[in-house]
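Printed here is start28.tsv (TSV, C-alpha atoms and all ligand atoms):
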```
chain	number	residue	atom	x	y	z
N	203	MET	CA	0.00	0.00	0.00
N	204	GLN	CA	1.25	3.46	-0.98
N	205	LEU	CA	0.19	6.99	-0.05
N	206	ALA	CA	1.30	9.72	-2.43
N	207	LEU	CA	1.20	12.98	-0.49
N	208	LYS	CA	0.25	16.14	-2.40
N	209	VAL	CA	0.15	19.55	-0.74
N	210	ASP	CA	-1.78	22.30	-2.54
N	211	VAL	CA	-0.56	25.80	-1.73
N	212	CYS	CA	-3.42	27.97	-2.98
N	213	THR	CA	-2.69	31.27	-1.18
N	214	PHE	CA	0.10	33.53	0.02
N	215	ALA	CA	-0.86	32.81	3.65
N	216	GLY	CA	-0.67	29.08	3.00
N	217	MET	CA	2.82	29.54	1.57
N	218	GLN	CA	4.10	31.83	4.33
N	219	GLN	CA	2.60	30.05	7.31
N	220	GLY	CA	1.51	26.56	6.30
N	221	VAL	CA	4.50	25.45	4.24
N	222	PRO	CA	7.23	26.02	6.88
N	223	ALA	CA	5.15	24.13	9.47
N	224	LEU	CA	4.54	21.27	7.05
N	225	MET	CA	8.21	21.16	6.08
N	226	GLN	CA	9.17	20.81	9.73
N	227	THR	CA	6.56	18.12	10.41
N	228	PHE	CA	7.56	16.11	7.33
N	229	GLY	CA	11.19	16.40	8.44
N	230	GLU	CA	10.31	15.00	11.87
N	231	LEU	CA	8.48	12.10	10.23
N	232	GLY	CA	11.23	11.52	7.68
N	233	ILE	CA	8.87	11.78	4.70
N	234	HIS	CA	8.82	13.77	1.44
N	235	ALA	CA	5.82	15.32	-0.29
N	236	SER	CA	4.83	17.05	-3.53
N	237	PHE	CA	4.06	20.75	-3.06
N	238	PHE	CA	1.84	22.25	-5.79
N	239	VAL	CA	2.22	26.02	-5.53
N	240	THR	CA	0.10	28.80	-7.01
N	241	CYS	CA	2.75	30.70	-8.96
N	242	GLY	CA	1.10	34.09	-9.56
N	243	PRO	CA	-0.91	36.66	-7.59
N	244	ASP	CA	-3.13	35.64	-4.68
N	245	HIS	CA	-6.58	36.97	-5.60
N	246	SER	CA	-8.47	35.11	-2.89
N	247	GLY	CA	-10.77	38.07	-2.25
N	248	ARG	CA	-12.28	37.58	-5.68
N	249	ALA	CA	-13.44	34.13	-4.60
N	250	ILE	CA	-16.21	36.00	-2.86
N	251	ARG	CA	-17.87	35.91	-6.28
N	252	ARG	CA	-18.57	32.31	-5.47
N	253	VAL	CA	-20.93	33.55	-2.80
N	254	PHE	CA	-23.63	33.18	-5.41
N	255	ARG	CA	-22.98	29.49	-5.75
N	256	ARG	CA	-24.92	27.07	-3.61
N	257	GLY	CA	-22.93	25.58	-0.76
N	258	PHE	CA	-20.48	28.45	-0.32
N	259	PHE	CA	-21.84	29.81	2.98
N	260	GLU	CA	-22.27	26.33	4.38
N	261	LYS	CA	-18.65	25.51	3.60
N	262	MET	CA	-17.36	28.87	4.87
N	263	ARG	CA	-19.14	28.27	8.18
N	264	ARG	CA	-18.29	24.58	8.57
N	265	THR	CA	-14.60	25.00	7.82
N	266	ASN	CA	-14.30	28.39	9.62
N	267	ALA	CA	-12.87	30.07	6.51
N	268	VAL	CA	-12.05	33.35	8.24
N	269	GLY	CA	-10.12	31.48	10.93
N	270	THR	CA	-8.41	29.31	8.31
N	271	TYR	CA	-7.43	32.00	5.81
N	272	GLY	CA	-7.59	35.25	7.84
N	273	TRP	CA	-9.40	38.42	6.76
N	274	LYS	CA	-6.43	39.78	4.83
N	275	THR	CA	-6.40	36.77	2.50
N	276	LEU	CA	-10.12	37.23	1.91
N	277	LEU	CA	-9.43	40.81	0.68
N	278	TYR	CA	-6.51	40.07	-1.71
N	279	GLY	CA	-7.40	41.07	-5.25
N	280	THR	CA	-10.25	43.34	-4.16
N	281	LEU	CA	-9.39	45.90	-1.47
N	282	LEU	CA	-5.74	44.80	-1.24
N	283	PRO	CA	-3.35	43.99	-4.12
N	284	GLY	CA	-2.67	40.28	-4.51
N	285	PRO	CA	0.91	39.30	-3.53
N	286	HIS	CA	2.80	37.16	-6.06
N	287	VAL	CA	3.28	33.84	-4.29
N	288	ALA	CA	6.25	32.23	-6.11
N	289	ARG	CA	8.20	35.48	-6.51
N	290	ARG	CA	7.75	36.55	-2.88
N	291	CYS	CA	8.56	33.08	-1.52
N	292	ALA	CA	11.32	31.93	-3.89
N	293	ALA	CA	13.73	31.15	-1.02
N	294	LEU	CA	11.16	28.90	0.63
N	295	LEU	CA	10.48	27.08	-2.65
N	296	ARG	CA	14.20	26.43	-3.09
N	297	GLU	CA	14.45	25.19	0.49
N	298	LEU	CA	11.67	22.68	-0.19
N	299	VAL	CA	13.64	21.37	-3.17
N	300	SER	CA	16.89	21.20	-1.20
N	301	ARG	CA	15.13	19.11	1.46
N	302	GLY	CA	14.04	16.54	-1.10
N	303	HIS	CA	10.45	17.62	-1.63
N	304	GLU	CA	8.91	17.94	-5.07
N	305	VAL	CA	7.76	21.43	-6.08
N	306	ALA	CA	5.25	21.78	-8.93
N	307	MET	CA	2.81	24.32	-10.38
N	308	HIS	CA	-0.69	24.86	-9.01
N	309	GLY	CA	-1.72	27.30	-11.73
N	310	TYR	CA	-0.88	31.01	-11.96
N	311	ASP	CA	-3.92	32.92	-10.64
N	312	HIS	CA	-5.79	30.29	-8.62
N	313	VAL	CA	-9.07	32.19	-8.37
N	314	TYR	CA	-9.11	33.15	-12.08
N	315	TRP	CA	-8.54	29.51	-13.12
N	316	HIS	CA	-11.06	28.15	-10.64
N	317	ASP	CA	-13.83	30.58	-11.57
N	318	LYS	CA	-13.22	31.18	-15.30
N	319	LEU	CA	-11.53	28.15	-16.87
N	320	ALA	CA	-14.70	26.68	-18.33
N	321	GLN	CA	-15.35	29.88	-20.37
N	322	LEU	CA	-11.74	30.64	-21.41
N	323	PRO	CA	-10.67	30.25	-25.06
N	324	PRO	CA	-7.69	27.91	-25.71
N	325	ASP	CA	-5.17	30.74	-26.32
N	326	GLU	CA	-5.97	32.36	-22.98
N	327	VAL	CA	-5.66	29.01	-21.15
N	328	ALA	CA	-2.30	28.44	-22.86
N	329	ALA	CA	-1.18	31.95	-21.83
N	330	GLU	CA	-2.16	31.31	-18.20
N	331	VAL	CA	-0.23	28.02	-18.18
N	332	GLN	CA	2.81	29.77	-19.70
N	333	ARG	CA	2.61	32.52	-17.04
N	334	ALA	CA	2.70	29.80	-14.37
N	335	LYS	CA	5.71	28.16	-15.99
N	336	ALA	CA	7.63	31.46	-16.32
N	337	ALA	CA	6.97	32.41	-12.68
N	338	PHE	CA	7.94	28.90	-11.54
N	339	CYS	CA	11.23	28.91	-13.51
N	340	ALA	CA	12.15	32.37	-12.22
N	341	ALA	CA	11.49	31.43	-8.58
N	342	VAL	CA	12.74	27.84	-8.44
N	343	GLY	CA	15.51	28.04	-11.04
N	344	SER	CA	14.52	24.87	-12.90
N	345	ALA	CA	11.76	23.76	-15.26
N	346	PRO	CA	8.56	22.40	-13.67
N	347	GLN	CA	7.76	18.71	-14.13
N	348	ALA	CA	4.13	18.72	-13.04
N	349	PHE	CA	0.95	20.80	-12.93
N	350	GLY	CA	-2.05	20.54	-10.61
N	351	ALA	CA	-5.22	22.30	-11.77
N	352	PRO	CA	-6.63	24.78	-9.22
N	353	GLY	CA	-9.96	23.61	-7.83
N	354	TRP	CA	-9.77	20.44	-9.95
N	355	GLN	CA	-11.08	22.46	-12.89
N	356	CYS	CA	-10.14	21.08	-16.31
N	357	SER	CA	-11.03	21.62	-19.96
N	358	ALA	CA	-9.81	20.17	-23.25
N	359	ALA	CA	-7.84	23.42	-23.64
N	360	SER	CA	-6.15	23.00	-20.24
N	361	PHE	CA	-5.09	19.40	-21.00
N	362	ALA	CA	-3.76	20.51	-24.42
N	363	SER	CA	-1.81	23.39	-22.83
N	364	GLU	CA	-0.30	21.08	-20.22
N	365	ASP	CA	0.66	18.57	-22.93
N	366	SER	CA	2.62	21.33	-24.69
N	367	LEU	CA	4.86	21.74	-21.61
N	368	GLY	CA	6.26	18.20	-21.86
N	369	LEU	CA	5.60	17.46	-18.19
N	370	GLN	CA	6.27	14.15	-16.44
N	371	TYR	CA	2.63	14.07	-15.29
N	372	HIS	CA	-0.21	16.25	-14.03
N	373	SER	CA	-2.55	15.88	-11.08
N	374	ASP	CA	-5.67	17.76	-12.17
N	375	THR	CA	-8.62	15.54	-11.33
N	376	ARG	CA	-10.32	13.33	-8.77
N	377	GLY	CA	-10.46	9.62	-9.49
N	378	PHE	CA	-9.27	6.11	-8.82
N	379	ALA	CA	-5.95	5.32	-10.53
N	380	PRO	CA	-3.44	6.90	-12.96
N	381	TYR	CA	-4.68	7.30	-16.57
N	382	ARG	CA	-4.43	9.40	-19.71
N	383	PRO	CA	-7.30	11.87	-20.10
N	384	GLU	CA	-9.91	11.94	-22.84
N	385	MET	CA	-12.23	14.96	-22.99
N	386	ASP	CA	-14.60	16.39	-25.61
N	387	GLY	CA	-13.63	13.50	-27.90
N	388	ARG	CA	-9.91	14.36	-27.75
N	389	ARG	CA	-7.12	12.26	-26.23
N	390	PHE	CA	-4.18	13.78	-24.36
N	391	THR	CA	-0.71	12.39	-23.81
N	392	THR	CA	0.43	13.46	-20.34
N	393	ILE	CA	-0.23	10.96	-17.54
N	394	GLU	CA	-2.79	12.07	-14.95
N	395	ILE	CA	-2.37	10.99	-11.32
N	396	PRO	CA	-5.73	11.82	-9.72
N	397	THR	CA	-6.41	12.58	-6.07
N	398	THR	CA	-8.19	9.47	-4.79
N	399	MET	CA	-9.12	10.53	-1.25
N	400	PRO	CA	-11.41	13.32	0.00
N	401	THR	CA	-9.72	16.53	1.19
N	402	LEU	CA	-9.99	17.72	4.78
N	403	ASP	CA	-12.17	20.72	3.90
N	404	GLU	CA	-14.66	18.25	2.38
N	405	THR	CA	-14.83	16.02	5.46
N	406	TYR	CA	-14.11	18.25	8.45
N	407	GLY	CA	-17.29	18.61	10.51
N	408	ARG	CA	-19.06	15.90	8.48
N	409	VAL	CA	-17.12	12.87	9.72
N	410	GLY	CA	-15.92	14.46	12.95
N	411	THR	CA	-13.72	17.28	14.18
N	412	SER	CA	-11.32	15.63	16.66
N	413	ASP	CA	-7.94	14.29	15.58
N	414	ALA	CA	-8.99	10.77	16.63
N	415	GLU	CA	-12.25	10.83	14.62
N	416	LEU	CA	-10.47	12.16	11.52
N	417	VAL	CA	-7.60	9.65	11.78
N	418	ARG	CA	-10.13	6.80	12.06
N	419	PHE	CA	-12.07	8.08	9.02
N	420	TYR	CA	-9.00	8.55	6.82
N	421	ASP	CA	-7.44	5.21	7.84
N	422	ALA	CA	-10.68	3.52	6.74
N	423	GLN	CA	-10.45	5.26	3.32
N	424	LEU	CA	-7.06	3.70	2.48
N	425	ASN	CA	-7.15	1.05	-0.24
N	426	LEU	CA	-4.58	-1.51	-1.32
N	427	GLY	CA	-2.38	-0.10	-4.08
N	428	LEU	CA	-1.96	3.64	-4.67
N	429	ASN	CA	-3.78	6.27	-2.60
N	430	VAL	CA	-3.37	9.99	-3.29
N	431	TYR	CA	-4.21	12.51	-0.56
N	432	THR	CA	-4.20	16.27	-1.19
N	433	ALA	CA	-3.50	18.39	1.89
N	434	HIS	CA	-4.01	22.16	1.81
N	435	ALA	CA	-1.22	24.29	3.28
N	436	GLU	CA	-3.88	26.73	4.52
N	437	MET	CA	-5.77	24.11	6.55
N	438	ASP	CA	-3.75	20.91	7.08
N	439	GLY	CA	-0.60	23.04	7.52
N	440	ARG	CA	-2.04	25.45	10.07
N	441	GLY	CA	-5.10	24.80	12.25
N	442	GLN	CA	-5.25	21.07	11.49
N	443	LEU	CA	-1.55	20.22	11.55
N	444	SER	CA	-1.86	18.04	14.68
N	445	TRP	CA	-4.43	15.90	12.86
N	446	LEU	CA	-2.27	15.56	9.73
N	447	LYS	CA	0.76	14.54	11.77
N	448	ALA	CA	-1.25	11.97	13.74
N	449	TRP	CA	-2.71	10.51	10.55
N	450	LEU	CA	0.62	10.33	8.72
N	451	GLN	CA	2.13	8.52	11.73
N	452	SER	CA	-0.73	6.03	11.48
N	453	VAL	CA	-0.19	5.66	7.71
N	454	GLN	CA	3.53	5.00	8.22
N	455	LYS	CA	2.61	1.83	10.12
N	456	GLN	CA	0.72	0.41	7.13
N	457	ALA	CA	1.97	2.04	3.92
N	458	SER	CA	4.90	3.84	2.32
N	459	ILE	CA	4.54	7.61	1.86
N	460	VAL	CA	5.92	8.90	-1.45
N	461	ARG	CA	5.97	11.95	-3.73
N	462	LEU	CA	3.80	11.97	-6.87
N	463	ILE	CA	6.89	12.24	-9.09
N	464	ASP	CA	8.08	8.91	-7.60
N	465	VAL	CA	4.78	7.34	-8.69
N	466	ALA	CA	4.99	8.93	-12.15
N	467	THR	CA	8.50	7.69	-12.91
N	468	GLU	CA	7.59	4.11	-11.97
N	469	LEU	CA	4.34	3.90	-13.95
N	470	GLY	CA	4.13	1.70	-17.00
N	471	ASP	CA	1.54	2.36	-19.67
N	472	VAL	CA	-1.82	3.47	-18.32
N	473	PRO	CA	-5.27	3.30	-19.94
N	474	TYR	CA	-7.30	6.23	-21.25
N	475	ALA	CA	-10.26	7.42	-19.21
N	476	ARG	CA	-12.85	10.07	-19.94
N	477	VAL	CA	-12.89	13.17	-17.74
N	478	VAL	CA	-16.35	14.36	-16.74
N	479	PRO	CA	-17.58	17.11	-14.38
N	480	GLY	CA	-19.31	15.90	-11.25
N	481	PRO	CA	-20.28	17.07	-7.77
N	482	ILE	CA	-18.30	16.11	-4.69
N	483	ALA	CA	-19.64	15.92	-1.14
N	484	GLY	CA	-18.62	18.92	0.97
N	485	ARG	CA	-17.59	21.16	-1.96
N	486	ALA	CA	-19.57	23.74	-3.97
N	487	GLY	CA	-19.78	23.42	-7.75
N	488	THR	CA	-18.32	20.52	-9.72
N	489	VAL	CA	-14.84	19.04	-10.13
N	490	ALA	CA	-13.22	17.07	-12.96
N	491	TRP	CA	-13.62	13.32	-12.36
N	492	GLN	CA	-12.03	10.28	-13.93
N	493	GLU	CA	-15.11	8.51	-15.29
N	494	ALA	CA	-15.93	5.40	-13.28
N	495	GLY	CA	-15.40	2.05	-14.97
N	496	ARG	CA	-13.02	3.36	-17.61
N	497	GLY	CA	-9.87	3.77	-15.58
N	501	ZN	ZN	-5.82	25.04	-4.73
```

What would the structure in this file look like if it were written as structure tokens?
Amino acid sequence: MQLALKVDVCTFAGMQQGVPALMQTFGELGIHASFFVTCGPDHSGRAIRRVFRRGFFEKMRRTNAVGTYGWKTLLYGTLLPGPHVARRCAALLRELVSRGHEVAMHGYDHVYWHDKLAQLPPDEVAAEVQRAKAAFCAAVGSAPQAFGAPGWQCSAASFASEDSLGLQYHSDTRGFAPYRPEMDGRRFTTIEIPTTMPTLDETYGRVGTSDAELVRFYDAQLNLGLNVYTAHAEMDGRGQLSWLKAWLQSVQKQASIVRLIDVATELGDVPYARVVPGPIAGRAGTVAWQEAGRG
């Protein structure tokens, strides 16, 4: 049994506060993870647009969004200018690499991708992906090998743009096992390693709130073979770090914990699977799913 550990860094606060704490915890446990970092400006305040979508208030309340992100983060891109995450935190990104962690792209403008991708023309999607790559190269000093779509939002244009980067793999969707994506009747070449487990913001308050309840729930979700868990630096790296540490200690007794790039380099050929939008418990809107039965 394997657990591939992905950490999404979606905001400047997650980078500044969550990542150092996670780096220390992973060091104590002797494990390495894959950090997917938003490379451009943090425009979290604009996410307030999502207020009009069903489920937003319920999620804000259940996960204590103000406590998790802080008011300042909720104003970036509206009343406050959005800080550029990769540029402002280049030293921290390089430290992650020097400690053996994988660093990859989590889009350029997280909120823009999350809210607009479905309506964007292919050239604008390609430009956004190129902006992420340029910011990543400037901050990290090497070419990125992976991309993780913000909010698990995908389109045929986003898969095509990612293919053009010649990546080792991407981790854009939710699903069951690695595959190559097929969408809108088109097939794409880059291997997709989907997140297989629910995220903490989807389960917190629904399956319990104590460390013990959450550890029991997540242990029960582990399957034989490959499991992929996505932590969020903003949540798992700050208020819920004691839970994450307790769970990873439990996982270490039953499985090996690896980076996604380690999984990607050991994969043989994988089948095609269609990517379809679908709802997910505990999250507003839809996410891109590996279609059941095809993967
Ligand atoms: Zn994200």

Local residues around (3.5, 13.1, -19.9), at most 6 Å away, using all atoms listed in the file, as a tab-separated table (two decimals) with C-alpha atoms, in the coordinates of the input:
```tsv
chain	number	residue	atom	x	y	z
N	369	LEU	CA	5.60	17.46	-18.19
N	370	GLN	CA	6.27	14.15	-16.44
N	371	TYR	CA	2.63	14.07	-15.29
N	391	THR	CA	-0.71	12.39	-23.81
N	392	THR	CA	0.43	13.46	-20.34
N	393	ILE	CA	-0.23	10.96	-17.54
```

Close residues to ligand ZN 501 (chain N) using all atoms listed in the file, limit 7 Å, as a list in words: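 The distance check yields Asp210, Val211, Cys212, His308, His312, Pro352 and Gly353 of chain N.
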
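Our summary of the geometry notes that atom CA of Ala358 of chain N is positioned 18.1 Å from atom CA of Ala334 of chain N.
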
Separation of atom CA of Lys318 of chain N from atom CA of Cys356 of chain N, in Å and rounded to one decimal: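 Atom CA of Cys356 of chain N lies 10.6 Å from atom CA of Lys318 of chain N.
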
Distance of atom CA of Phe237 of chain N from atom CA of Ser412 of chain N, expressed in Å to one decimal place: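 Atom CA of Ser412 of chain N sits 25.5 Å away from atom CA of Phe237 of chain N.
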
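When all atoms listed in the file are used to measure the gap to Tyr314 of chain N, the shortest distance among N:Ala348, N:Ala235, N:Leu428, N:Ala249 belongs to N:Ala249.
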
Counting all atoms listed in the file, the residue of N:Ala292, N:Val417, N:Val313, N:Ala223 that sits nearest Arg248 of chain N: N:Val313

Among the residues N:Glu364, N:Glu468, N:Asp413, N:Glu436, the one that comes closest to Phe390 of chain N [using all atoms listed in the file]: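 Checking each of N:Glu364, N:Glu468, N:Asp413, N:Glu436 against Phe390 of chain N, counting all atoms listed in the file, the winner is N:Glu364.
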
Polymer residues at most 9 Å from Gly242 of chain N, all atoms listed in the file, same-chain spacing of 5 or more positions, as a PyMOL selection string: chain N and resi 284-289+309-312+333-334+337-338

Pick from N:Ser300, N:Ser373, N:Ser366, N:Thr411 nearest to Val465 of chain N, counting only C-alpha atoms: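 Closest residue, counting only C-alpha atoms: N:Ser373.
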
Which of N:Pro396, N:Gly232, N:Gly487, N:Pro481 sits closest to Gly350 of chain N [using only C-alpha atoms]: N:Pro396

Given all atoms listed in the file as the counted atoms, nearest of N:Ala329, N:Leu282, N:Leu294, N:Val478 to Ser357 of chain N: N:Val478

Within 9 Å of segment 301-304 of chain N using all atoms listed in the file, minus same-chain residues under 6 positions, as a VMD selection string: chain N and resid 225 229 233 to 238 461 to 463

Close residues, Val342 of chain N itself excluded, 9 Å, only C-alpha atoms, min 2 positions apart in chain, as an NGL selection string: :N and (288 or 292-293 or 295-296 or 299 or 305 or 337-340 or 344-346)
